[in-house]
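Below is model_19.txt, holding compact mmCIF, C-alpha atoms.
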```txt
# COMPACT_ATOMS: atom_id res chain seq x y z
CA MET A 11 125.57 144.80 9.52
CA LYS A 12 124.80 148.36 10.54
CA PHE A 13 126.48 151.57 9.43
CA ALA A 14 126.13 155.11 10.70
CA VAL A 15 127.90 158.32 9.72
CA LYS A 16 129.04 160.13 12.87
CA ALA A 17 130.92 163.17 11.54
CA TRP A 18 131.54 165.18 8.37
CA SER A 19 134.44 167.48 7.59
CA LYS A 20 133.91 170.33 5.12
CA GLY A 21 132.76 168.38 2.11
CA ARG A 22 132.39 164.68 1.41
CA ALA A 23 134.92 163.28 3.93
CA ARG A 24 133.10 161.45 6.69
CA ALA A 25 133.74 159.31 9.76
CA GLY A 26 131.39 156.54 10.79
CA VAL A 27 130.94 153.24 12.59
CA LEU A 28 130.45 149.87 10.90
CA GLN A 29 128.95 147.24 13.16
CA PHE A 30 129.07 143.55 12.32
CA VAL A 31 126.86 141.10 14.18
CA SER A 32 128.20 137.56 14.09
CA SER A 33 125.94 134.83 12.74
CA SER A 34 128.38 132.09 13.76
CA LYS A 35 126.94 129.23 15.80
CA SER A 36 130.32 128.41 17.28
CA SER A 37 130.44 127.78 21.02
CA SER A 38 133.55 129.94 21.23
CA PRO A 39 133.28 132.62 23.95
CA CYS A 40 134.13 135.33 21.40
CA PRO A 41 132.20 138.58 21.12
CA THR A 42 129.09 138.39 18.96
CA GLU A 43 129.59 141.81 17.43
CA ILE A 44 132.40 144.13 16.50
CA GLU A 45 132.50 147.84 15.70
CA ILE A 46 134.93 149.21 13.14
CA GLU A 47 135.40 152.96 12.91
CA THR A 48 135.61 154.34 9.37
CA PRO A 49 137.43 155.35 7.24
CA ALA A 50 139.01 151.95 7.71
CA LEU A 51 141.59 149.67 6.16
CA LEU A 52 140.76 146.09 5.16
CA LEU A 53 143.82 143.89 5.57
CA SER A 54 144.71 141.98 2.41
CA THR A 55 144.97 138.23 2.85
CA ARG A 56 145.82 135.06 0.98
CA LYS A 57 143.04 132.52 1.56
CA GLY A 58 141.83 134.49 4.56
CA LEU A 59 145.17 134.90 6.37
CA PRO A 60 147.66 137.78 6.13
CA PHE A 61 150.50 137.03 3.75
CA PHE A 62 153.21 136.72 6.40
CA ILE A 63 151.69 137.26 9.86
CA SER A 64 150.76 133.96 11.49
CA PRO A 65 147.42 133.67 13.34
CA ASP A 66 149.09 133.61 16.75
CA LEU A 67 150.60 137.06 16.06
CA LEU A 68 147.38 138.68 14.84
CA PRO A 69 146.44 139.75 18.41
CA SER A 70 149.55 141.94 18.43
CA LEU A 71 147.89 144.26 15.89
CA PRO A 72 145.63 147.13 17.03
CA SER A 73 142.15 145.91 17.94
CA PRO A 74 139.51 146.17 16.58
CA ASP A 75 141.04 148.14 13.67
CA SER A 76 142.84 145.05 12.37
CA HIS A 77 139.81 142.76 12.55
CA LEU A 78 138.47 143.39 9.06
CA LEU A 79 140.06 140.99 6.56
CA GLN A 80 139.61 141.05 2.79
CA PHE A 81 139.95 137.91 0.67
CA SER A 82 139.17 136.71 -2.84
CA PRO A 83 137.12 133.52 -3.25
CA LEU A 84 139.22 132.88 -6.36
CA HIS A 85 142.12 131.97 -4.06
CA PHE A 86 140.31 128.70 -3.43
CA LEU A 87 140.04 127.61 -7.06
CA GLU A 88 142.70 125.00 -6.33
CA GLY A 89 142.83 123.03 -3.11
CA ILE A 90 139.96 122.68 -0.69
CA THR A 91 136.55 122.56 -2.39
CA PRO A 92 133.48 124.67 -1.62
CA GLU A 93 131.69 121.51 -0.50
CA THR A 94 134.40 120.81 2.09
CA ILE A 95 134.34 124.42 3.32
CA THR A 96 130.56 124.14 3.69
CA THR A 97 130.95 120.94 5.72
CA ILE A 98 133.48 122.62 8.00
CA GLY A 99 131.10 125.52 8.54
CA GLY A 100 132.56 128.37 6.52
CA LEU A 101 135.74 130.41 6.53
CA HIS A 102 135.55 131.48 10.19
CA GLU A 103 135.32 127.90 11.36
CA MET A 104 137.98 126.64 8.98
CA LEU A 105 140.55 129.28 10.02
CA GLY A 106 139.48 129.54 13.66
CA LEU A 107 139.29 133.34 13.43
CA HIS A 108 135.92 133.91 15.09
CA GLU A 109 136.80 137.41 16.31
CA PHE A 110 137.54 138.64 12.79
CA ARG A 111 135.21 139.74 10.01
CA PHE A 112 135.73 138.71 6.39
CA ALA A 113 134.91 140.75 3.30
CA ALA A 114 134.87 138.80 0.03
CA VAL A 115 135.91 140.61 -3.18
CA PRO A 116 136.60 138.93 -6.56
CA ARG A 117 139.73 141.00 -7.30
CA ASP A 118 142.68 141.20 -4.92
CA SER A 119 145.14 143.19 -7.11
CA ILE A 120 148.01 140.76 -6.44
CA VAL A 121 147.20 137.36 -7.89
CA CYS A 122 143.61 137.77 -9.14
CA LEU A 123 143.62 140.64 -11.63
CA PRO A 124 140.72 141.45 -13.96
CA HIS A 125 141.31 140.65 -17.63
CA CYS A 126 138.78 142.67 -19.60
CA GLU A 127 139.68 141.18 -22.99
CA GLY A 128 138.68 137.73 -21.78
CA THR A 129 135.46 138.84 -20.08
CA ASN A 130 132.24 138.13 -21.95
CA LYS A 131 128.50 138.06 -21.32
CA LEU A 132 128.83 134.77 -19.45
CA GLY A 133 131.27 135.89 -16.77
CA ALA A 134 134.32 137.87 -15.65
CA SER A 135 137.85 136.88 -16.66
CA PHE A 136 140.80 136.98 -14.26
CA GLU A 137 144.53 136.39 -14.44
CA THR A 138 145.37 134.02 -11.58
CA PRO A 139 148.27 131.78 -10.50
CA PHE A 140 146.26 128.96 -12.08
CA GLY A 141 146.08 130.71 -15.45
CA ARG A 142 143.39 132.83 -17.04
CA ILE A 143 139.93 131.80 -15.85
CA LEU A 144 136.34 132.80 -16.56
CA ILE A 145 134.08 133.02 -13.51
CA LYS A 146 130.32 132.90 -13.98
CA PRO A 147 127.94 134.38 -11.39
CA SER A 148 126.69 130.89 -10.47
CA GLU A 149 130.25 129.65 -9.85
CA TYR A 150 131.15 132.73 -7.86
CA MET A 151 128.07 132.44 -5.65
CA LYS A 152 128.87 128.80 -4.94
CA PHE A 153 132.07 129.97 -3.24
CA ILE A 154 130.31 132.81 -1.42
CA ASP A 155 127.61 130.54 0.00
CA SER A 156 130.18 128.01 1.21
CA MET A 157 132.49 130.53 2.89
CA LYS A 158 129.84 132.61 4.68
CA PRO A 159 131.75 135.92 4.68
CA ASN A 160 130.42 138.80 6.75
CA SER A 161 130.12 140.88 3.58
CA TRP A 162 130.61 140.10 -0.07
CA THR A 163 130.87 141.99 -3.34
CA THR A 164 128.96 141.06 -6.47
CA LEU A 165 130.80 140.07 -9.63
CA ALA A 166 131.99 142.98 -11.79
CA ASP A 167 133.31 143.61 -15.30
CA GLU A 168 136.25 145.90 -14.50
CA VAL A 169 137.96 147.68 -17.39
CA PRO A 170 141.15 149.78 -17.59
CA ALA A 171 141.13 153.52 -18.23
CA TRP A 172 141.97 153.33 -21.93
CA VAL A 173 138.99 151.32 -23.23
CA SER A 174 136.37 152.86 -25.51
CA GLN A 175 133.11 154.46 -24.41
CA LYS A 176 131.26 151.49 -25.91
CA ARG A 177 133.29 149.06 -23.77
CA ASN A 178 132.61 151.18 -20.67
CA LYS A 179 128.88 150.97 -21.36
CA THR A 180 129.10 147.21 -21.85
CA SER A 181 130.96 146.82 -18.54
CA VAL A 182 128.21 148.67 -16.69
CA ASP A 183 125.45 146.66 -18.38
CA ARG A 184 127.14 143.38 -17.47
CA THR A 185 127.91 144.44 -13.91
CA VAL A 186 124.29 145.48 -13.31
CA ARG A 187 123.04 142.18 -14.74
CA TRP A 188 125.48 140.19 -12.63
CA LEU A 189 124.45 142.22 -9.58
CA ASP A 190 120.89 141.01 -10.03
CA ASP A 191 122.10 137.46 -10.77
CA CYS A 192 124.25 137.31 -7.63
CA ILE A 193 121.44 138.60 -5.44
CA ALA A 194 119.03 136.05 -6.91
CA LEU A 195 121.52 133.18 -6.58
CA SER A 196 122.48 133.92 -2.98
CA SER A 197 120.91 131.33 -0.71
CA LYS A 198 122.19 132.97 2.45
CA GLY A 199 121.57 136.64 1.60
CA GLY A 200 124.02 138.44 3.85
CA ASN A 201 125.61 141.84 3.60
CA ILE A 202 125.85 142.44 -0.13
CA PHE A 203 128.05 145.18 -1.58
CA GLY A 204 126.84 146.11 -5.04
CA ALA A 205 129.67 146.50 -7.55
CA ILE A 206 130.09 149.81 -9.40
CA VAL A 207 132.23 150.22 -12.52
CA GLY A 208 132.35 152.51 -15.56
CA GLY A 209 136.04 152.93 -16.36
CA SER A 210 137.11 156.47 -17.22
CA SER A 211 133.60 157.64 -18.15
CA VAL A 212 131.94 159.98 -15.68
CA GLU A 213 128.54 159.29 -17.25
CA GLU A 214 128.90 155.51 -17.01
CA ARG A 215 130.26 155.73 -13.45
CA ARG A 216 127.20 157.74 -12.48
CA ARG A 217 124.84 155.34 -14.26
CA SER A 218 126.45 152.33 -12.59
CA ALA A 219 126.15 153.95 -9.16
CA GLN A 220 122.52 154.91 -9.74
CA GLU A 221 121.65 151.35 -10.79
CA ALA A 222 123.39 149.87 -7.75
CA ALA A 223 121.57 152.34 -5.49
CA LYS A 224 118.23 150.97 -6.72
CA ARG A 225 119.04 147.47 -5.45
CA ASN A 226 118.52 146.09 -1.97
CA VAL A 227 122.17 145.95 -0.92
CA SER A 228 123.98 146.75 2.33
CA GLY A 229 126.79 148.80 0.76
CA TYR A 230 128.72 149.53 -2.40
CA TRP A 231 132.03 148.38 -3.85
CA ILE A 232 133.68 150.83 -6.26
CA GLY A 233 135.82 148.91 -8.75
CA GLY A 234 137.87 149.74 -11.81
CA PHE A 235 140.41 152.01 -10.12
CA GLY A 236 144.15 151.44 -10.11
CA LEU A 237 143.86 150.24 -13.71
CA GLY A 238 145.70 152.95 -15.61
CA GLU A 239 143.97 156.19 -14.64
CA SER A 240 145.99 159.10 -13.24
CA MET A 241 145.35 160.72 -9.87
CA ASP A 242 144.16 163.85 -11.66
CA ASP A 243 141.53 161.79 -13.50
CA ARG A 244 140.02 160.31 -10.34
CA PRO A 245 138.17 163.12 -8.48
CA PRO A 246 135.35 163.60 -11.03
CA LEU A 247 134.98 159.82 -11.40
CA LEU A 248 134.84 159.25 -7.65
CA ASN A 249 132.52 162.18 -7.02
CA ALA A 250 130.14 161.03 -9.77
CA VAL A 251 129.82 157.73 -7.89
CA THR A 252 129.57 158.91 -4.29
CA ASP A 253 127.17 161.75 -5.13
CA SER A 254 124.80 159.13 -6.59
CA LEU A 255 124.80 156.86 -3.53
CA PRO A 256 122.74 157.07 -0.33
CA GLU A 257 124.64 158.51 2.61
CA GLN A 258 123.58 155.85 5.10
CA LYS A 259 125.38 152.94 3.42
CA PRO A 260 129.16 152.25 3.41
CA ARG A 261 131.34 152.61 0.28
CA GLN A 262 134.31 150.32 -0.27
CA ILE A 263 136.97 150.79 -2.95
CA CYS A 264 139.75 148.72 -4.52
CA GLY A 265 142.83 150.09 -6.26
CA LEU A 266 143.68 153.10 -4.08
CA GLY A 267 146.57 152.19 -1.79
CA LEU A 268 149.18 154.94 -1.50
CA PRO A 269 148.59 157.40 1.36
CA GLU A 270 147.81 160.19 -1.12
CA GLU A 271 145.34 157.93 -2.93
CA VAL A 272 143.63 156.99 0.32
CA LEU A 273 143.26 160.67 1.19
CA GLN A 274 141.86 161.30 -2.28
CA GLY A 275 139.26 158.56 -1.81
CA ILE A 276 138.26 159.80 1.63
CA ASP A 277 137.93 163.32 0.25
CA SER A 278 135.29 161.90 -2.12
CA GLY A 279 133.39 160.10 0.64
CA VAL A 280 134.82 156.55 0.54
CA ASP A 281 134.72 154.59 3.82
CA LEU A 282 136.59 151.30 3.30
CA PHE A 283 139.84 150.56 1.47
CA ASP A 284 141.12 147.15 0.40
CA THR A 285 144.69 147.77 -0.68
CA THR A 286 147.88 145.86 -1.42
CA TYR A 287 150.13 148.74 -0.37
CA ILE A 288 151.36 147.00 2.78
CA TYR A 289 152.12 143.81 0.87
CA HIS A 290 154.26 145.58 -1.75
CA LEU A 291 156.12 147.59 0.89
CA THR A 292 156.86 144.47 2.90
CA THR A 293 158.08 142.33 0.02
CA GLY A 294 160.34 145.19 -1.08
CA GLY A 295 162.00 145.39 2.36
CA PHE A 296 160.48 148.80 3.16
CA ALA A 297 159.20 150.04 6.51
CA LEU A 298 156.84 153.00 6.96
CA THR A 299 158.25 155.83 9.05
CA PHE A 300 156.17 158.95 8.29
CA PRO A 301 154.88 160.81 11.38
CA LEU A 302 151.39 160.01 12.56
CA GLU A 303 150.45 162.24 15.45
CA ARG A 304 151.30 165.60 13.92
CA PHE A 305 152.16 166.27 10.30
CA VAL A 306 154.65 169.05 10.86
CA ARG A 307 157.63 169.88 8.70
CA ASN A 308 160.18 167.71 10.39
CA VAL A 309 162.21 166.96 7.29
CA SER A 310 165.38 164.94 7.61
CA ASP A 311 168.75 166.35 6.72
CA PRO A 312 169.39 165.80 2.98
CA GLN A 313 172.35 163.57 3.78
CA LEU A 314 170.00 161.07 5.38
CA SER A 315 168.45 160.38 2.01
CA ASN A 316 171.55 158.40 1.13
CA MET A 317 170.70 156.08 4.00
CA GLY A 318 167.82 154.37 2.21
CA SER A 319 165.18 156.80 3.48
CA ASP A 320 162.93 159.32 1.73
CA GLY A 321 161.35 160.59 4.96
CA THR A 322 158.26 158.43 4.39
CA LYS A 323 159.68 154.93 4.42
CA ILE A 324 163.08 153.33 4.79
CA ASN A 325 164.63 150.53 2.79
CA LEU A 326 165.97 148.09 5.34
CA ASN A 327 167.94 146.29 2.64
CA SER A 328 170.35 149.22 2.73
CA GLU A 329 173.75 148.40 4.23
CA VAL A 330 173.66 151.57 6.32
CA TYR A 331 171.30 149.77 8.73
CA ARG A 332 173.69 146.89 9.41
CA LYS A 333 174.72 148.41 12.74
CA ASP A 334 171.63 150.49 13.49
CA ASP A 335 170.60 149.33 16.96
CA VAL A 336 167.35 151.29 17.31
CA PRO A 337 163.75 150.36 16.37
CA ILE A 338 162.24 151.30 13.01
CA VAL A 339 160.27 154.13 14.64
CA ASP A 340 161.07 155.41 18.13
CA GLY A 341 157.99 155.20 20.30
CA CYS A 342 156.13 152.82 17.98
CA ARG A 343 154.13 150.30 20.00
CA CYS A 344 154.08 147.51 17.44
CA TYR A 345 155.57 144.12 18.28
CA THR A 346 158.45 144.65 15.85
CA CYS A 347 159.59 147.99 17.24
CA GLN A 348 159.12 146.87 20.84
CA ASN A 349 161.37 143.84 20.38
CA HIS A 350 163.74 144.30 17.44
CA THR A 351 166.11 146.73 15.74
CA LYS A 352 166.78 147.87 12.20
CA ALA A 353 170.09 146.01 12.28
CA TYR A 354 168.36 142.72 13.05
CA ILE A 355 165.80 143.12 10.28
CA ASN A 356 168.55 144.14 7.86
CA HIS A 357 170.37 140.92 8.76
CA LEU A 358 167.22 138.84 8.26
CA LEU A 359 166.66 140.39 4.84
CA SER A 360 170.27 139.81 3.79
CA VAL A 361 170.00 136.07 4.51
CA ASN A 362 166.48 135.79 3.02
CA GLU A 363 164.95 134.80 6.32
CA MET A 364 161.13 134.78 6.25
CA LEU A 365 161.00 136.32 9.73
CA ALA A 366 162.03 139.62 8.11
CA LEU A 367 158.79 139.76 6.15
CA ILE A 368 156.75 138.81 9.23
CA LEU A 369 158.26 141.60 11.28
CA LEU A 370 157.94 144.13 8.46
CA GLU A 371 154.29 143.26 7.80
CA ILE A 372 153.50 143.65 11.50
CA HIS A 373 155.12 147.09 11.62
CA ASN A 374 153.71 148.35 8.31
CA THR A 375 150.21 147.16 9.19
CA HIS A 376 150.39 148.76 12.62
CA HIS A 377 151.70 152.01 11.15
CA TYR A 378 149.14 152.23 8.36
CA LEU A 379 146.29 151.51 10.75
CA GLY A 380 147.64 154.43 12.78
CA PHE A 381 147.46 156.57 9.64
CA PHE A 382 143.76 155.76 9.30
CA ARG A 383 143.22 156.52 12.97
CA ALA A 384 144.82 159.95 12.51
CA ILE A 385 142.54 160.59 9.50
CA ARG A 386 139.45 159.76 11.56
CA GLU A 387 140.51 162.17 14.27
CA ALA A 388 141.05 164.91 11.69
CA ILE A 389 137.56 164.36 10.28
CA LYS A 390 135.96 164.41 13.71
CA GLY A 391 137.76 167.66 14.42
CA GLY A 392 136.58 169.20 11.16
CA LYS A 393 140.17 169.51 9.92
CA PHE A 394 140.47 166.83 7.27
CA GLU A 395 141.28 169.19 4.40
CA GLU A 396 144.07 170.82 6.45
CA PHE A 397 145.33 167.36 7.39
CA ARG A 398 145.34 166.25 3.76
CA GLN A 399 147.09 169.35 2.46
CA GLN A 400 149.74 169.22 5.19
CA PHE A 401 150.44 165.56 4.52
CA ILE A 402 150.77 166.08 0.76
CA GLU A 403 152.99 169.13 1.21
CA ASP A 404 155.26 167.25 3.59
CA ARG A 405 155.53 164.36 1.13
CA ARG A 406 156.42 166.72 -1.70
CA GLU A 407 159.05 168.45 0.40
CA ARG A 408 160.65 165.15 1.36
CA ASP A 409 160.59 164.00 -2.27
CA HIS A 410 162.27 167.27 -3.29
CA ILE A 411 165.04 166.83 -0.72
CA PHE A 412 165.45 163.18 -1.65
CA THR A 413 165.78 164.07 -5.35
CA ALA A 414 168.22 166.87 -4.60
CA ALA A 415 170.38 164.56 -2.49
CA LEU A 416 170.51 161.94 -5.23
CA SER A 417 171.60 164.49 -7.84
CA ALA A 418 174.20 166.11 -5.58
```
Structure rendered as structure tokens:
Amino acid sequence: MKFAVKAWSKGRARAGVLQFVSSSKSSSPCPTEIEIETPALLLSTRKGLPFFISPDLLPSLPSPDSHLLQFSPLHFLEGITPETITTIGGLHEMLGLHEFRFAAVPRDSIVCLPHCEGTNKLGASFETPFGRILIKPSEYMKFIDSMKPNSWTTLADEVPAWVSQKRNKTSVDRTVRWLDDCIALSSKGGNIFGAIVGGSSVEERRRSAQEAAKRNVSGYWIGGFGLGESMDDRPPLLNAVTDSLPEQKPRQICGLGLPEEVLQGIDSGVDLFDTTYIYHLTTGGFALTFPLERFVRNVSDPQLSNMGSDGTKINLNSEVYRKDDVPIVDGCRCYTCQNHTKAYINHLLSVNEMLALILLEIHNTHHYLGFFRAIREAIKGGKFEEFRQQFIEDRRERDHIFTAALSA
């Protein structure tokens, strides 16, 4: 894996290129390397596949932006064993997705959530569909070695924002120890992302980042966010981390998913985002609609807010879309908008047809990847701060109109 920063924009925001070289020995005539422009979105998956999009529809997503998939090895605690995955040849061979790159992270924020009360010196505790489990570094690395991901994150002791300073210090000490353990236990090496924690303590965040920076790793994974801290609390915590890391290595983060949160992370110098935002939108019946090319004040009439829209996303469960015979977003080039209407998706949702979630995930993924593409262009043009402020102001104005319409 190679990473290079290509542009900066008035501060810490940066655009770069992440290049993965395939180590697969498959005879498939697929490309041996792939370049992902950053800031980039990692698509959340369940056992390596998107939650609703089937493999045959993955090519309909923008390429290569959609080719970076995030998964948790803990998804495989039940079912196929690491030994079987090793025999098959790893995750790429098992799923047949040779053109995609996999990033392994212990936490996925949907079904594998950190449980700090259960974590101890032996390993990290998680709440999973199989109950509460304790994962030791040796057990975790057994999964990593069998799956052969293109990059993987070391085990971390993540804690919520409200824990004590003593607990924050303990989480950093454990995470640093497990970082060394995971590196030592890795038989394949690979592209290691050193985990960084520290909770709500700026000092511990900085110490964790400095310790990770001393290790021979390919990048850094910033954990412990999205666990109770407010948006106002984040900038000093994020900056304490990124200011302590070398510029020539990528930074990945978990827990920042909303557009405003993504912009906040990028403003602090984060490159990669593994987020469950698309999943939660899709399962709620929502479709993203905010403008991508130009963030101008093109606010809907207040009366439209009663139609299941807040100017950012629309709720296709709303009955007002029963006879709406236009796509979700006019001009959108995703498979969903090119072939189907709001009325059809509203019908699918009303009868609990799974196709509704497939079509919504395709559109929301396509749209959010477009959001990241617009961010990269703003950084390259030296206008990221203007882009960020305009986006936030537009969101606030739409929220104000939406609130006013509801109270009218």
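Counting only C-alpha atoms, the residue from A:Leu195, A:Ile402, A:Ala366, A:Leu71 that sits nearest to Asn327 in chain A is A:Ala366.
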Write out as a ChimeraX atom specification each polymer residue whose atoms come within 7 Å of range 331-337 of chain A, counting all atoms listed in the file; drop sequence neighbours fewer than 4 positions from it. /A:326,347,350-353,356-357
Could you work out how far CA of Ile338 in chain A lies from CA of Ile324 in chain A, giving the answer in Å with one decimal?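 Computing it gives 8.5 Å between the two atoms.
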Within 6 Å of range 165-185 of chain A: each range 226-255 of chain A residue with its shortest pair, all atoms listed in the file, as CSV:
```
residue,atom,partner,partner_atom,distance
A:Gly234,CA,A:Glu168,CA,5.0
A:Leu237,CA,A:Pro170,CA,4.8
A:Gly238,CA,A:Ala171,CA,5.3
A:Glu239,CA,A:Ala171,CA,5.3
```
For a cutoff of 8 Å around the file-coordinate point (152.4, 142.9, 8.3), which residues qualify once you count all atoms listed in the file? I'd like the result as a list of chain:residue names.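 With a cut-off of 8 Å, the residues come to A:Pro60, A:Phe61, A:Phe62, A:Ile63, A:Ile288, A:Tyr289, A:Thr292, A:Leu367, A:Ile368, A:Leu369, A:Leu370, A:Glu371, A:Ile372, A:His373, A:Asn374, A:Thr375, A:His376.
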Nearby residues (only C-alpha atoms) at most 7 Å from range 211-224 of chain A, same-chain spacing under 3 positions excluded, as a list of chain:residue names: A:Asn178, A:Lys179, A:Val182, A:Val186, A:Gly204, A:Ile206, A:Val207, A:Gly208, A:Pro246, A:Leu247, A:Ala250, A:Val251, A:Ser254, A:Leu255
Quote the spacing between CA of Ser148 in chain A and CA of Gly133 in chain A in Å to one decimal place. 9.3 Å
